[in-house]
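**Q** Data file protein11.pdb (PDB, C-alpha atoms) is appended below.
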```pdb
ATOM      1  CA  MET U   1      87.001 -87.027 244.255
ATOM      2  CA  PHE U   2      86.808 -89.348 247.268
ATOM      3  CA  GLY U   3      83.685 -91.470 247.306
ATOM      4  CA  VAL U   4      81.893 -94.623 248.377
ATOM      5  CA  ASN U   5      79.786 -97.169 246.495
ATOM      6  CA  VAL U   6      76.257 -97.235 247.947
ATOM      7  CA  ALA U   7      73.807-100.103 247.484
ATOM      8  CA  PRO U   8      70.127 -99.679 246.561
ATOM      9  CA  HIS U   9      67.609 -98.910 249.302
ATOM     10  CA  GLU U  10      70.128 -97.472 251.781
ATOM     11  CA  ARG U  11      68.711 -94.739 254.007
ATOM     12  CA  LYS U  12      69.723 -91.505 252.305
ATOM     13  CA  GLU U  13      70.146 -89.642 255.614
ATOM     14  CA  ASP U  14      72.458 -92.346 257.017
ATOM     15  CA  VAL U  15      74.595 -92.246 253.873
ATOM     16  CA  ALA U  16      74.960 -88.454 254.054
ATOM     17  CA  ARG U  17      75.989 -88.584 257.735
ATOM     18  CA  PHE U  18      78.494 -91.350 257.003
ATOM     19  CA  CYS U  19      80.060 -89.409 254.132
ATOM     20  CA  LYS U  20      80.504 -86.363 256.343
ATOM     21  CA  ALA U  21      82.140 -88.431 259.107
ATOM     22  CA  ALA U  22      84.424 -90.270 256.661
ATOM     23  CA  GLY U  23      85.538 -87.182 254.733
ATOM     24  CA  LEU U  24      83.850 -88.297 251.507
ATOM     25  CA  ASP U  25      82.523 -85.952 248.836
ATOM     26  CA  THR U  26      80.921 -88.403 246.365
ATOM     27  CA  VAL U  27      78.281 -91.142 246.341
ATOM     28  CA  LEU U  28      78.597 -93.786 243.615
ATOM     29  CA  TYR U  29      75.009 -95.000 243.686
ATOM     30  CA  ILE U  30      74.204 -98.518 242.448
ATOM     31  CA  THR U  31      70.522 -98.443 241.520
ATOM     32  CA  ALA U  32      68.025 -99.494 238.877
ATOM     33  CA  VAL U  33      66.904 -97.171 236.103
ATOM     34  CA  GLY U  34      63.560 -95.740 237.205
ATOM     35  CA  GLN U  35      64.378 -95.808 240.937
ATOM     36  CA  GLY U  36      66.339 -93.879 243.560
ATOM     37  CA  LEU U  37      66.023 -90.284 242.385
ATOM     38  CA  GLN U  38      64.713 -89.063 245.744
ATOM     39  CA  SER U  39      67.972 -90.175 247.346
ATOM     40  CA  VAL U  40      70.020 -88.645 244.533
ATOM     41  CA  ARG U  41      68.293 -85.297 244.960
ATOM     42  CA  TYR U  42      68.787 -85.406 248.749
ATOM     43  CA  TRP U  43      72.529 -86.060 248.451
ATOM     44  CA  LEU U  44      72.970 -83.308 245.872
ATOM     45  CA  ASP U  45      71.081 -80.884 248.142
ATOM     46  CA  ASN U  46      73.466 -81.835 250.971
ATOM     47  CA  GLY U  47      76.594 -80.986 249.000
ATOM     48  CA  LEU U  48      77.576 -84.447 247.758
ATOM     49  CA  ALA U  49      78.453 -85.272 244.165
ATOM     50  CA  VAL U  50      76.600 -88.289 242.751
ATOM     51  CA  ILE U  51      77.651 -90.832 240.129
ATOM     52  CA  ILE U  52      74.987 -93.365 239.163
ATOM     53  CA  ARG U  53      75.780 -96.954 238.209
ATOM     54  CA  PRO U  54      72.637 -98.515 236.721
ATOM     55  CA  ILE U  55      71.932-102.101 237.778
ATOM     56  CA  GLY U  56      71.388-104.705 235.093
ATOM     57  CA  GLY U  57      72.734-105.073 231.602
ATOM     58  CA  SER U  58      76.276-104.346 232.743
ATOM     59  CA  THR U  59      78.001-106.478 230.108
ATOM     60  CA  ALA U  60      79.419-105.040 226.926
ATOM     61  CA  GLU U  61      77.417-107.519 224.845
ATOM     62  CA  TRP U  62      74.118-106.408 226.400
ATOM     63  CA  HIS U  63      74.750-102.764 225.698
ATOM     64  CA  MET U  64      75.898-103.300 222.140
ATOM     65  CA  ALA U  65      72.654-105.117 221.369
ATOM     66  CA  TYR U  66      70.938-101.717 221.630
ATOM     67  CA  ASP U  67      71.378 -98.454 219.796
ATOM     68  CA  PRO U  68      73.554 -96.135 221.929
ATOM     69  CA  GLN U  69      71.237 -93.195 221.272
ATOM     70  CA  ASP U  70      68.230 -95.188 222.555
ATOM     71  CA  VAL U  71      70.069 -96.227 225.728
ATOM     72  CA  ALA U  72      71.152 -92.632 226.367
ATOM     73  CA  ARG U  73      67.596 -91.373 225.790
ATOM     74  CA  GLN U  74      66.181 -93.875 228.305
ATOM     75  CA  ILE U  75      68.603 -92.733 231.014
ATOM     76  CA  ILE U  76      68.110 -89.045 230.209
ATOM     77  CA  GLU U  77      64.314 -89.366 230.452
ATOM     78  CA  TRP U  78      64.655 -91.144 233.813
ATOM     79  CA  LEU U  79      66.940 -88.480 235.306
ATOM     80  CA  GLY U  80      64.945 -85.515 234.050
ATOM     81  CA  ASP U  81      66.212 -82.244 235.530
ATOM     82  CA  LEU U  82      69.009 -84.102 237.388
ATOM     83  CA  ARG U  83      70.753 -85.037 234.157
ATOM     84  CA  GLY U  84      73.263 -82.186 234.306
ATOM     85  CA  SER U  85      74.002 -82.728 238.009
ATOM     86  CA  VAL U  86      75.143 -86.373 238.062
ATOM     87  CA  GLY U  87      77.788 -88.545 236.473
ATOM     88  CA  LEU U  88      77.281 -92.016 235.041
ATOM     89  CA  ALA U  89      79.310 -95.225 235.508
ATOM     90  CA  LEU U  90      78.435 -97.760 232.840
ATOM     91  CA  ILE U  91      79.425-101.358 231.969
ATOM     92  CA  ASN U  92      80.831-103.315 234.869
ATOM     93  CA  GLU U  93      83.896-105.570 234.447
ATOM     94  CA  PRO U  94      83.671-106.427 230.718
ATOM     95  CA  HIS U  95      86.002-108.981 229.151
ATOM     96  CA  ASP U  96      84.897-109.457 225.560
ATOM     97  CA  GLY U  97      83.940-107.299 222.615
ATOM     98  CA  LEU U  98      86.146-104.381 223.665
ATOM     99  CA  ASP U  99      87.211-103.588 220.109
ATOM    100  CA  ARG U 100      83.537-102.891 219.325
ATOM    101  CA  LEU U 101      82.645-101.465 222.743
ATOM    102  CA  PHE U 102      84.671 -98.249 222.603
ATOM    103  CA  PRO U 103      83.108 -96.975 219.365
ATOM    104  CA  TRP U 104      79.698 -97.754 220.923
ATOM    105  CA  LEU U 105      80.665 -95.839 224.077
ATOM    106  CA  GLU U 106      81.871 -92.834 222.110
ATOM    107  CA  GLN U 107      78.490 -92.623 220.368
ATOM    108  CA  PHE U 108      76.711 -93.012 223.710
ATOM    109  CA  ARG U 109      78.887 -90.303 225.281
ATOM    110  CA  GLN U 110      78.000 -87.825 222.554
ATOM    111  CA  HIS U 111      74.252 -88.351 223.149
ATOM    112  CA  TRP U 112      74.598 -88.459 226.949
ATOM    113  CA  GLY U 113      76.570 -85.203 227.095
ATOM    114  CA  GLY U 114      77.650 -85.530 230.738
ATOM    115  CA  GLN U 115      80.372 -87.189 232.807
ATOM    116  CA  LEU U 116      80.820 -90.820 231.736
ATOM    117  CA  ILE U 117      83.004 -93.424 233.429
ATOM    118  CA  ALA U 118      82.973 -96.519 231.228
ATOM    119  CA  PRO U 119      83.890 -99.286 231.034
ATOM    120  CA  ASN U 120      84.897-100.276 234.574
ATOM    121  CA  PHE U 121      87.581-102.954 234.362
ATOM    122  CA  ALA U 122      87.893-105.819 236.845
ATOM    123  CA  VAL U 123      90.814-106.409 239.180
ATOM    124  CA  ALA U 124      93.089-108.370 236.858
ATOM    125  CA  HIS U 125      91.928-106.832 233.620
ATOM    126  CA  PRO U 126      92.598-105.686 231.033
ATOM    127  CA  LEU U 127      94.906-108.607 230.304
ATOM    128  CA  GLU U 128      96.904-109.205 227.139
ATOM    129  CA  ARG U 129      93.971-110.014 224.874
ATOM    130  CA  GLU U 130      91.953-107.043 226.137
ATOM    131  CA  ILE U 131      94.901-104.688 225.619
ATOM    132  CA  ASP U 132      95.266-105.933 222.041
ATOM    133  CA  ALA U 133      91.572-105.253 221.409
ATOM    134  CA  LEU U 134      91.816-101.817 223.017
ATOM    135  CA  ALA U 135      94.883-100.634 221.125
ATOM    136  CA  GLY U 136      92.954 -99.179 218.209
ATOM    137  CA  ALA U 137      89.460 -98.761 219.655
ATOM    138  CA  ALA U 138      90.284 -96.749 222.790
ATOM    139  CA  ARG U 139      92.655 -94.305 221.116
ATOM    140  CA  HIS U 140      89.912 -91.817 220.227
ATOM    141  CA  TYR U 141      87.670 -92.375 223.272
ATOM    142  CA  HIS U 142      86.933 -89.224 225.293
ATOM    143  CA  GLY U 143      85.223 -90.613 228.391
ATOM    144  CA  CYS U 144      86.860 -91.724 231.655
ATOM    145  CA  ILE U 145      87.873 -95.354 232.191
ATOM    146  CA  GLY U 146      86.994 -96.981 235.518
ATOM    147  CA  MET U 147      89.271 -99.401 237.365
ATOM    148  CA  HIS U 148      88.526-101.823 240.216
ATOM    149  CA  VAL U 149      91.651-102.106 242.377
ATOM    150  CA  TYR U 150      91.465-104.758 245.097
ATOM    151  CA  ALA U 151      93.779-106.509 247.493
ATOM    152  CA  ILE U 152      93.157-110.200 246.827
ATOM    153  CA  ASN U 153      93.504-112.740 249.604
ATOM    154  CA  THR U 154      92.698-116.432 249.426
ATOM    155  CA  TYR U 155      92.318-118.942 252.198
ATOM    156  CA  ALA U 156      94.711-121.226 250.352
ATOM    157  CA  ARG U 157      97.628-118.811 249.840
ATOM    158  CA  GLN U 158     100.024-117.080 252.177
ATOM    159  CA  THR U 159      99.274-113.394 252.587
ATOM    160  CA  LEU U 160     101.550-110.394 252.901
ATOM    161  CA  PRO U 161     101.774-108.608 256.278
ATOM    162  CA  SER U 162      99.099-106.104 255.261
ATOM    163  CA  GLY U 163      96.667-108.804 254.124
ATOM    164  CA  TRP U 164      97.390-108.219 250.430
ATOM    165  CA  THR U 165      98.241-111.211 248.280
ATOM    166  CA  VAL U 166      98.984-108.765 245.486
ATOM    167  CA  THR U 167     100.420-105.371 246.346
ATOM    168  CA  PRO U 168      99.003-102.144 244.916
ATOM    169  CA  ASP U 169     102.101-102.012 242.704
ATOM    170  CA  TRP U 170     100.740-105.067 240.884
ATOM    171  CA  TYR U 171      98.247-102.798 239.123
ATOM    172  CA  ARG U 172     100.934-100.756 237.451
ATOM    173  CA  GLU U 173     101.314-103.040 234.443
ATOM    174  CA  PRO U 174      97.686-102.774 233.209
ATOM    175  CA  LEU U 175      97.674 -99.041 234.005
ATOM    176  CA  ASP U 176     100.939 -98.515 232.125
ATOM    177  CA  ARG U 177      99.587-100.293 229.092
ATOM    178  CA  LEU U 178      96.242 -98.498 229.193
ATOM    179  CA  ALA U 179      97.965 -95.128 229.585
ATOM    180  CA  ALA U 180     100.019 -95.878 226.482
ATOM    181  CA  ILE U 181      97.021 -96.437 224.204
ATOM    182  CA  THR U 182      94.476 -93.838 225.361
ATOM    183  CA  ASP U 183      94.438 -90.258 226.607
ATOM    184  CA  ALA U 184      91.342 -90.950 228.736
ATOM    185  CA  GLU U 185      91.380 -90.183 232.450
ATOM    186  CA  PHE U 186      91.065 -93.016 234.977
ATOM    187  CA  VAL U 187      88.737 -93.238 237.979
ATOM    188  CA  ILE U 188      89.146 -95.980 240.589
ATOM    189  CA  THR U 189      85.444 -96.774 240.921
ATOM    190  CA  GLU U 190      85.956 -99.645 243.375
ATOM    191  CA  CYS U 191      88.783-100.415 245.788
ATOM    192  CA  GLY U 192      89.254-102.415 248.939
ATOM    193  CA  SER U 193      89.871-105.946 250.129
ATOM    194  CA  ASP U 194      88.436-108.907 248.257
ATOM    195  CA  ARG U 195      89.054-112.035 250.326
ATOM    196  CA  VAL U 196      88.342-115.013 248.093
ATOM    197  CA  THR U 197      87.228-118.472 249.222
ATOM    198  CA  GLU U 198      88.795-121.696 248.017
ATOM    199  CA  ALA U 199      85.782-122.016 245.684
ATOM    200  CA  GLY U 200      86.804-118.723 244.088
ATOM    201  CA  LEU U 201      83.928-116.631 245.459
ATOM    202  CA  PRO U 202      84.477-113.056 246.708
ATOM    203  CA  HIS U 203      84.010-112.765 250.462
ATOM    204  CA  GLY U 204      84.873-109.282 251.651
ATOM    205  CA  ARG U 205      87.639-107.863 253.805
ATOM    206  CA  VAL U 206      90.532-109.857 255.214
ATOM    207  CA  PRO U 207      90.828-109.963 259.024
ATOM    208  CA  GLY U 208      92.686-106.966 260.415
ATOM    209  CA  TRP U 209      92.119-104.813 257.327
ATOM    210  CA  ASP U 210      92.788-101.149 258.164
ATOM    211  CA  TRP U 211      91.374 -98.635 255.694
ATOM    212  CA  GLY U 212      93.674 -95.851 256.884
ATOM    213  CA  ARG U 213      96.836 -97.846 256.294
ATOM    214  CA  GLU U 214      95.688 -99.483 253.071
ATOM    215  CA  LEU U 215      94.430 -96.296 251.394
ATOM    216  CA  GLY U 216      97.836 -94.812 252.193
ATOM    217  CA  ASN U 217      99.512 -97.821 250.563
ATOM    218  CA  LEU U 218      97.307 -97.521 247.487
ATOM    219  CA  ALA U 219      97.909 -93.766 247.188
ATOM    220  CA  ARG U 220     101.671 -94.346 247.327
ATOM    221  CA  ALA U 221     101.493 -97.006 244.607
ATOM    222  CA  MET U 222      99.310 -94.796 242.399
ATOM    223  CA  ARG U 223     101.538 -91.700 242.650
ATOM    224  CA  PRO U 224     102.973 -92.175 239.132
ATOM    225  CA  TYR U 225      99.419 -91.930 237.715
ATOM    226  CA  ARG U 226      98.178 -88.945 239.703
ATOM    227  CA  ASP U 227      98.020 -86.861 236.516
ATOM    228  CA  ARG U 228      95.606 -89.439 235.045
ATOM    229  CA  ILE U 229      93.500 -90.546 238.058
ATOM    230  CA  SER U 230      90.714 -88.097 238.865
ATOM    231  CA  GLY U 231      88.950 -89.947 241.675
ATOM    232  CA  VAL U 232      88.678 -93.027 243.879
ATOM    233  CA  CYS U 233      85.678 -94.754 245.510
ATOM    234  CA  VAL U 234      85.760 -97.448 248.199
ATOM    235  CA  PHE U 235      83.485-100.489 248.101
ATOM    236  CA  GLY U 236      81.138 -99.883 249.845
ATOM    237  CA  TYR U 237      78.255 -98.778 252.142
ATOM    238  CA  PHE U 238      75.984-101.832 252.324
ATOM    239  CA  GLN U 239      73.777-101.714 255.425
ATOM    240  CA  ALA U 240      70.697-102.787 253.466
ATOM    241  CA  ALA U 241      72.432-105.136 251.020
ATOM    242  CA  ARG U 242      73.171-108.239 253.060
ATOM    243  CA  TRP U 243      74.690-110.058 250.060
ATOM    244  CA  TRP U 244      77.550-107.510 250.277
ATOM    245  CA  ALA U 245      77.675-107.420 254.078
ATOM    246  CA  ASP U 246      81.310-108.538 254.281
ATOM    247  CA  TYR U 247      82.348-105.441 252.317
ATOM    248  CA  ASP U 248      80.353-102.980 254.443
ATOM    249  CA  VAL U 249      82.340 -99.899 255.537
ATOM    250  CA  ALA U 250      79.566 -98.376 257.655
ATOM    251  CA  GLY U 251      81.541 -98.802 260.878
ATOM    252  CA  GLN U 252      84.829 -97.638 259.357
ATOM    253  CA  ALA U 253      84.266 -93.867 259.018
ATOM    254  CA  GLU U 254      87.220 -92.947 261.236
ATOM    255  CA  GLN U 255      89.602 -95.274 259.369
ATOM    256  CA  LEU U 256      88.418 -93.934 256.015
ATOM    257  CA  ALA U 257      88.902 -90.326 257.129
ATOM    258  CA  ASP U 258      92.450 -91.278 258.150
ATOM    259  CA  GLY U 259      92.968 -92.992 254.786
ATOM    260  CA  TRP U 260      91.911 -89.914 252.817
ATOM    261  CA  ARG U 261      94.259 -87.746 254.917
ATOM    262  CA  ARG U 262      97.092 -90.100 254.027
ATOM    263  CA  TRP U 263      96.053 -90.063 250.364
ATOM    264  CA  ARG U 264      96.109 -86.259 250.239
ATOM    265  CA  ALA U 265      99.492 -86.207 251.938
ATOM    266  CA  GLU U 266     100.914 -88.665 249.385
ATOM    267  CA  TRP U 267      99.590 -86.591 246.482
ATOM    268  CA  ALA U 268     100.059 -83.136 248.010
ATOM    269  CA  ASP U 269     102.859 -82.157 245.607
ATOM    270  CA  ALA U 270     100.898 -83.180 242.509
ATOM    271  CA  GLY U 271     102.591 -80.541 240.381
ATOM    272  CA  GLN U 272     106.001 -82.242 240.251
ATOM    273  CA  PRO U 273     107.872 -85.258 241.653
ATOM    274  CA  ALA U 274     108.836 -84.689 245.279
ATOM    275  CA  ASP U 275     112.091 -86.628 245.323
ATOM    276  CA  ASP U 276     114.435 -88.785 243.316
ATOM    277  CA  THR U 277     112.381 -91.911 244.036
ATOM    278  CA  ALA U 278     109.200 -90.388 242.575
ATOM    279  CA  LEU U 279     111.126 -89.131 239.537
ATOM    280  CA  ALA U 280     112.675 -92.558 238.998
ATOM    281  CA  GLN U 281     109.205 -94.138 239.241
ATOM    282  CA  LEU U 282     107.923 -91.742 236.586
ATOM    283  CA  ILE U 283     110.823 -92.640 234.295
ATOM    284  CA  ASP U 284     110.123 -96.346 234.840
ATOM    285  CA  ARG U 285     106.443 -95.860 234.005
ATOM    286  CA  TRP U 286     107.218 -93.954 230.806
ATOM    287  CA  GLU U 287     109.792 -96.508 229.730
ATOM    288  CA  ARG U 288     107.170 -99.237 230.001
ATOM    289  CA  GLY U 289     104.726 -97.065 228.085
ATOM    290  CA  LEU U 290     107.354 -96.585 225.381
ATOM    291  CA  ALA U 291     107.736-100.349 225.100
ATOM    292  CA  GLY U 292     103.959-100.576 224.647
ATOM    293  CA  TYR U 293     104.044 -97.980 221.832
ATOM    294  CA  ARG U 294     106.769 -99.905 220.024
ATOM    295  CA  GLU U 295     104.947-103.222 220.309
ATOM    296  CA  THR U 296     101.718-101.673 218.970
ATOM    297  CA  ALA U 297     103.652-100.081 216.095
ATOM    298  CA  ARG U 298     105.263-103.439 215.309
ATOM    299  CA  ARG U 299     101.867-105.159 215.096
ATOM    300  CA  ALA U 300     100.446-102.341 212.963
ATOM    301  CA  LEU U 301     103.337-102.651 210.521
ATOM    302  CA  ALA U 302     102.892-106.425 210.360
ATOM    303  CA  ASN U 303      99.204-105.847 209.515
ATOM    304  CA  HIS U 304     100.100-103.214 206.879
ATOM    305  CA  ASP U 305      98.261-100.533 208.877
ATOM    306  CA  TYR U 306     100.710 -97.791 207.983
ATOM    307  CA  ILE U 307      98.631 -94.912 209.383
ATOM    308  CA  GLU U 308      98.493 -96.467 212.853
ATOM    309  CA  TRP U 309     102.163 -97.431 212.579
ATOM    310  CA  ALA U 310     103.069 -93.788 211.786
ATOM    311  CA  GLU U 311     100.966 -92.472 214.704
ATOM    312  CA  TYR U 312     102.734 -94.710 217.183
ATOM    313  CA  MET U 313     106.173 -93.957 215.746
ATOM    314  CA  VAL U 314     105.486 -90.250 216.361
ATOM    315  CA  ARG U 315     104.436 -91.040 219.934
ATOM    316  CA  ASP U 316     107.584 -93.157 220.280
ATOM    317  CA  GLU U 317     109.760 -90.188 219.282
ATOM    318  CA  GLU U 318     107.925 -87.699 221.534
ATOM    319  CA  LEU U 319     108.016 -89.981 224.562
ATOM    320  CA  GLY U 320     111.671 -90.823 223.892
ATOM    321  CA  GLN U 321     112.551 -87.116 223.968
ATOM    322  CA  ALA U 322     110.598 -86.622 227.198
ATOM    323  CA  LEU U 323     112.381 -89.587 228.792
ATOM    324  CA  ALA U 324     115.775 -88.163 227.846
ATOM    325  CA  ALA U 325     114.833 -84.890 229.558
ATOM    326  CA  LEU U 326     113.661 -86.718 232.694
ATOM    327  CA  ARG U 327     116.835 -88.801 232.874
ATOM    328  CA  ALA U 328     118.885 -85.611 232.558
ATOM    329  CA  ALA U 329     116.861 -83.988 235.354
ATOM    330  CA  LEU U 330     117.436 -87.003 237.605
ATOM    331  CA  GLY U 331     121.164 -86.881 236.843
ATOM    332  CA  GLU U 332     121.359 -83.190 237.736
ATOM    333  CA  ARG U 333     119.582 -83.749 241.038
ATOM    334  CA  GLY U 334     122.106 -86.459 241.893
ATOM    335  CA  GLU U 335     125.142 -84.225 241.354
TER     336      GLU U 335
END
```
Rewrite the structure from the file as C-alpha cells, please.
**A**
Amino acid sequence: MFGVNVAPHERKEDVARFCKAAGLDTVLYITAVGQGLQSVRYWLDNGLAVIIRPIGGSTAEWHMAYDPQDVARQIIEWLGDLRGSVGLALINEPHDGLDRLFPWLEQFRQHWGGQLIAPNFAVAHPLEREIDALAGAARHYHGCIGMHVYAINTYARQTLPSGWTVTPDWYREPLDRLAAITDAEFVITECGSDRVTEAGLPHGRVPGWDWGRELGNLARAMRPYRDRISGVCVFGYFQAARWWADYDVAGQAEQLADGWRRWRAEWADAGQPADDTALAQLIDRWERGLAGYRETARRALANHDYIEWAEYMVRDEELGQALAALRAALGERGE
C-alpha cells in the first residue's frame, strides 16, 4: 500500500488525478464522521483504496470515555454500504492510558469487523513509559499499529546533508521494542519532513526536500521490518487546508512516483535478505528484540507474574534458536 493523507474538502477529482500521477493506490482521508462519503465512493469507483481517519476525539482518553460498541455502531451507521470497502485509522498520537487503550481497541475491532489501524503513534513515541504500558496490553491485540515517521529539522540545530536531523534509522529502537511485544502489523500512516520552529511548532518540509531521495532512504532503513510493515502514506495532499500548506505534496507527483520506484526496488527481494548487510541487520534487530523479551520477563518475575514470565521465557528460547540459525547462515555465506 502506497498512499497519501488527504485533508477534508479537497476536490475528489483532483485527488484521483494526483494519485494516478504519483503512483499511489490509497487515500487516507481525514474527515468528520457524517461527511465526505461522496468523495470516498468516487475514489473507490476509480480504483483507489480508502482508509478513513475521523476528525475529533483522537485521544485515547476521549475514546475510552465511551463504550467501544457504541463508537463502532456510530461509524458503521455513517458508512452504510461502504463499511466493507474502507479501512479505519483511529486515535492519533496518544501518550497516556495505553495499558487501558489496547483492551478497548480489541473490543472495538471485534464490533467494527474491518481493517483497523490504531493507535497511530507520534514521531518519538512510544518512549520508555509507553513501552512499559504496552508490554502486557498489546500482546493480544489483533489490529494494525500506525506509526508517524518524520525527518525532524529545527532552525536552531545543524541538519544532516539530506535535511534530516534524525535519520530514518533512528526509528529502529521503538520499532524493535514494539515488534518484541506484539504480533500486530505496522502501517506508516504519516511520513515526511517536519521542520520545527524555535517555538517548537511544526512547519512543514525543509528547504531542498526531495521525496524521491527521502522515500528511498526511508525504505532502506525500514528493510529489516518489511515482514511487519504493510503500507506507507505520505503527509499529505492539502490544497484546501491552508493550515497544512507547508506539508502540501500536490506539486510533487513526479518526485513521489520516483520515491515509490525506489521503495519497490529496495524491497523487491522481500522473501529473503539480499546480501550479508541485510542479514546482519536482521540479526541486529532480533538481538535487540531478544533483549526486550528478557527485560519484560525480568519485570514480570519481579512482580510475581509467573504466567507472563513463562510466556516471555519461551519467546526468549525460540528467538535465541532462530538467532543461532541466522548467525550460522551468515557464517556460511562468508566462507
**Q** Name every residue that the PyMOL selection byres ((chain U and resi 22) around 12) selects in this structure, writing the answer as JSON, numbers by chain with chains first and numbers rising.
**A** {"U": [2, 3, 4, 15, 16, 17, 18, 19, 20, 21, 23, 24, 25, 26, 211, 212, 234, 237, 249, 250, 251, 252, 253, 254, 255, 256, 257, 258, 259, 260, 261]}
**Q** Rank nothing, just name the residue among U:Gly34, U:Ile91, U:Ile76, U:Asp67 nearest to Trp112 (chain U), using all atoms listed in the file.
**A**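 Among the listed residues, U:Ile76 lies closest to Trp112 (chain U).
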**Q** Extract, using all atoms listed in the file, all DNA, RNA and protein residues at most 10 Å from Ile75 (chain U), discarding same-chain residues fewer than 3 positions from it, and format them as number ranges by chain.
**A** U: 33-34, 54, 70-72, 78-80, 83, 88, 112
**Q** Please indicate the distance in Å from CA of Gln38 (chain U) to CA of Arg53 (chain U), rounded to one decimal place.
**A**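 According to the coordinates, CA of Gln38 (chain U) and CA of Arg53 (chain U) are separated by 15.5 Å.
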**Q** For Ala184 (chain U), please output as a list of chain:residue names all residues within 8 Å (counting only C-alpha atoms; exclusion window: fewer than 4 positions along the same chain).
**A**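 Non-adjacent residues within range: U:Tyr141, U:His142, U:Gly143, U:Cys144, U:Ile145, U:Ala179, U:Arg228.
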**Q** Please determine, counting only C-alpha atoms, which residue among U:Arg242, U:Arg223, U:Arg177, U:Arg100 has the shortest atom-to-atom distance to Trp267 (chain U).
**A** U:Arg223
**Q** What is the CA of His111 (chain U) to CA of His95 (chain U) distance in Å?
**A**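 Rounded to one decimal, the two atoms are 24.5 Å apart.
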**Q** Separation of CA of Trp243 (chain U) and CA of Ser193 (chain U), in Å?
**A**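 According to the coordinates, CA of Trp243 (chain U) and CA of Ser193 (chain U) are separated by 15.7 Å.
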**Q** Quick check on the file I pasted: which residues fall under the PyMOL selection byres ((chain U and resi 192) around 9)? Write them as an mmCIF file with C-alpha atoms, in the frame of the given file.
**A**
```cif
data_model
loop_
_atom_site.group_PDB
_atom_site.id
_atom_site.type_symbol
_atom_site.label_atom_id
_atom_site.label_comp_id
_atom_site.auth_asym_id
_atom_site.auth_seq_id
_atom_site.Cartn_x
_atom_site.Cartn_y
_atom_site.Cartn_z
ATOM 1 C CA HIS U 148 88.526 -101.823 240.216
ATOM 2 C CA VAL U 149 91.651 -102.106 242.377
ATOM 3 C CA TYR U 150 91.465 -104.758 245.097
ATOM 4 C CA ALA U 151 93.779 -106.509 247.493
ATOM 5 C CA ILE U 152 93.157 -110.200 246.827
ATOM 6 C CA GLU U 190 85.956 -99.645 243.375
ATOM 7 C CA CYS U 191 88.783 -100.415 245.788
ATOM 8 C CA SER U 193 89.871 -105.946 250.129
ATOM 9 C CA ASP U 194 88.436 -108.907 248.257
ATOM 10 C CA GLY U 204 84.873 -109.282 251.651
ATOM 11 C CA ARG U 205 87.639 -107.863 253.805
ATOM 12 C CA TRP U 211 91.374 -98.635 255.694
ATOM 13 C CA GLU U 214 95.688 -99.483 253.071
ATOM 14 C CA LEU U 215 94.430 -96.296 251.394
ATOM 15 C CA VAL U 234 85.760 -97.448 248.199
ATOM 16 C CA PHE U 235 83.485 -100.489 248.101
ATOM 17 C CA GLY U 236 81.138 -99.883 249.845
ATOM 18 C CA TYR U 247 82.348 -105.441 252.317
#
```
**Q** Which residue gives the smallest distance to Pro119 (chain U) among U:Glu13, U:Glu93, U:Asp99, U:Asp176, with only C-alpha atoms counted?
**A** U:Glu93
**Q** Looking at U:Gln110, U:Arg262, U:Ile30, U:Asp248, which one is nearest to Val6 (chain U), with distances taken over all atoms listed in the file?
**A** U:Ile30
**Q** So, with all atoms listed in the file as the atoms that count, which of U:Met64, U:Ala240, U:Gly146, U:Arg264 lies closest to Phe108 (chain U)?
**A**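 Among U:Met64, U:Ala240, U:Gly146, U:Arg264, it is U:Met64 that comes nearest to Phe108 (chain U).
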**Q** Can you list, as a list in words, every protein, DNA or RNA residue that comes within 8 Å of Val50 (chain U) when you count all atoms listed in the file, leaving out same-chain residues fewer than 5 positions away?
**A** Thr26, Val27, Leu28, Tyr29, Val40, Trp43, Leu44, Ser85, Val86 and Gly87 of chain U
**Q** Which residue, U:Asn92, U:Ile52, U:Trp104, U:Leu218, has the smallest gap to Leu116 (chain U) when you use all atoms listed in the file?
**A**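 Looking at the shortest contact to Leu116 (chain U), the residue is U:Ile52.
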**Q** I need the output of the PyMOL selection byres ((chain U and resi 187) around 6) for this file as a PDB file with C-alpha atoms, in the coordinates of the input; which residues are they?
**A**
```pdb
ATOM      1  CA  GLY U 146      86.994 -96.981 235.518  1.00  0.00           C
ATOM      2  CA  PHE U 186      91.065 -93.016 234.977  1.00  0.00           C
ATOM      3  CA  ILE U 188      89.146 -95.980 240.589  1.00  0.00           C
ATOM      4  CA  THR U 189      85.444 -96.774 240.921  1.00  0.00           C
ATOM      5  CA  ILE U 229      93.500 -90.546 238.058  1.00  0.00           C
ATOM      6  CA  SER U 230      90.714 -88.097 238.865  1.00  0.00           C
ATOM      7  CA  GLY U 231      88.950 -89.947 241.675  1.00  0.00           C
ATOM      8  CA  VAL U 232      88.678 -93.027 243.879  1.00  0.00           C
TER       9      VAL U 232
END
```
**Q** Could I get region 68-74 of chain U rebuilt with N, CA and C atoms, written as a short mmCIF file (atom, residue, chain, number, x, y, z; two decimals), keeping the file's coordinate frame?
**A**
```
data_model
loop_
_atom_site.label_atom_id
_atom_site.label_comp_id
_atom_site.auth_asym_id
_atom_site.auth_seq_id
_atom_site.Cartn_x
_atom_site.Cartn_y
_atom_site.Cartn_z
N PRO U 68 73.06 -96.99 220.85
CA PRO U 68 73.55 -96.14 221.93
C PRO U 68 72.69 -94.90 222.17
N GLN U 69 72.10 -94.36 221.10
CA GLN U 69 71.24 -93.20 221.27
C GLN U 69 69.98 -93.55 222.06
N ASP U 70 69.43 -94.76 221.83
CA ASP U 70 68.23 -95.19 222.56
C ASP U 70 68.53 -95.41 224.03
N VAL U 71 69.69 -96.01 224.33
CA VAL U 71 70.07 -96.23 225.73
C VAL U 71 70.26 -94.89 226.44
N ALA U 72 70.95 -93.96 225.78
CA ALA U 72 71.15 -92.63 226.37
C ALA U 72 69.82 -91.93 226.61
N ARG U 73 68.90 -92.03 225.64
CA ARG U 73 67.60 -91.37 225.79
C ARG U 73 66.83 -91.93 226.99
N GLN U 74 66.88 -93.25 227.19
CA GLN U 74 66.18 -93.88 228.30
C GLN U 74 66.70 -93.34 229.64
#
```
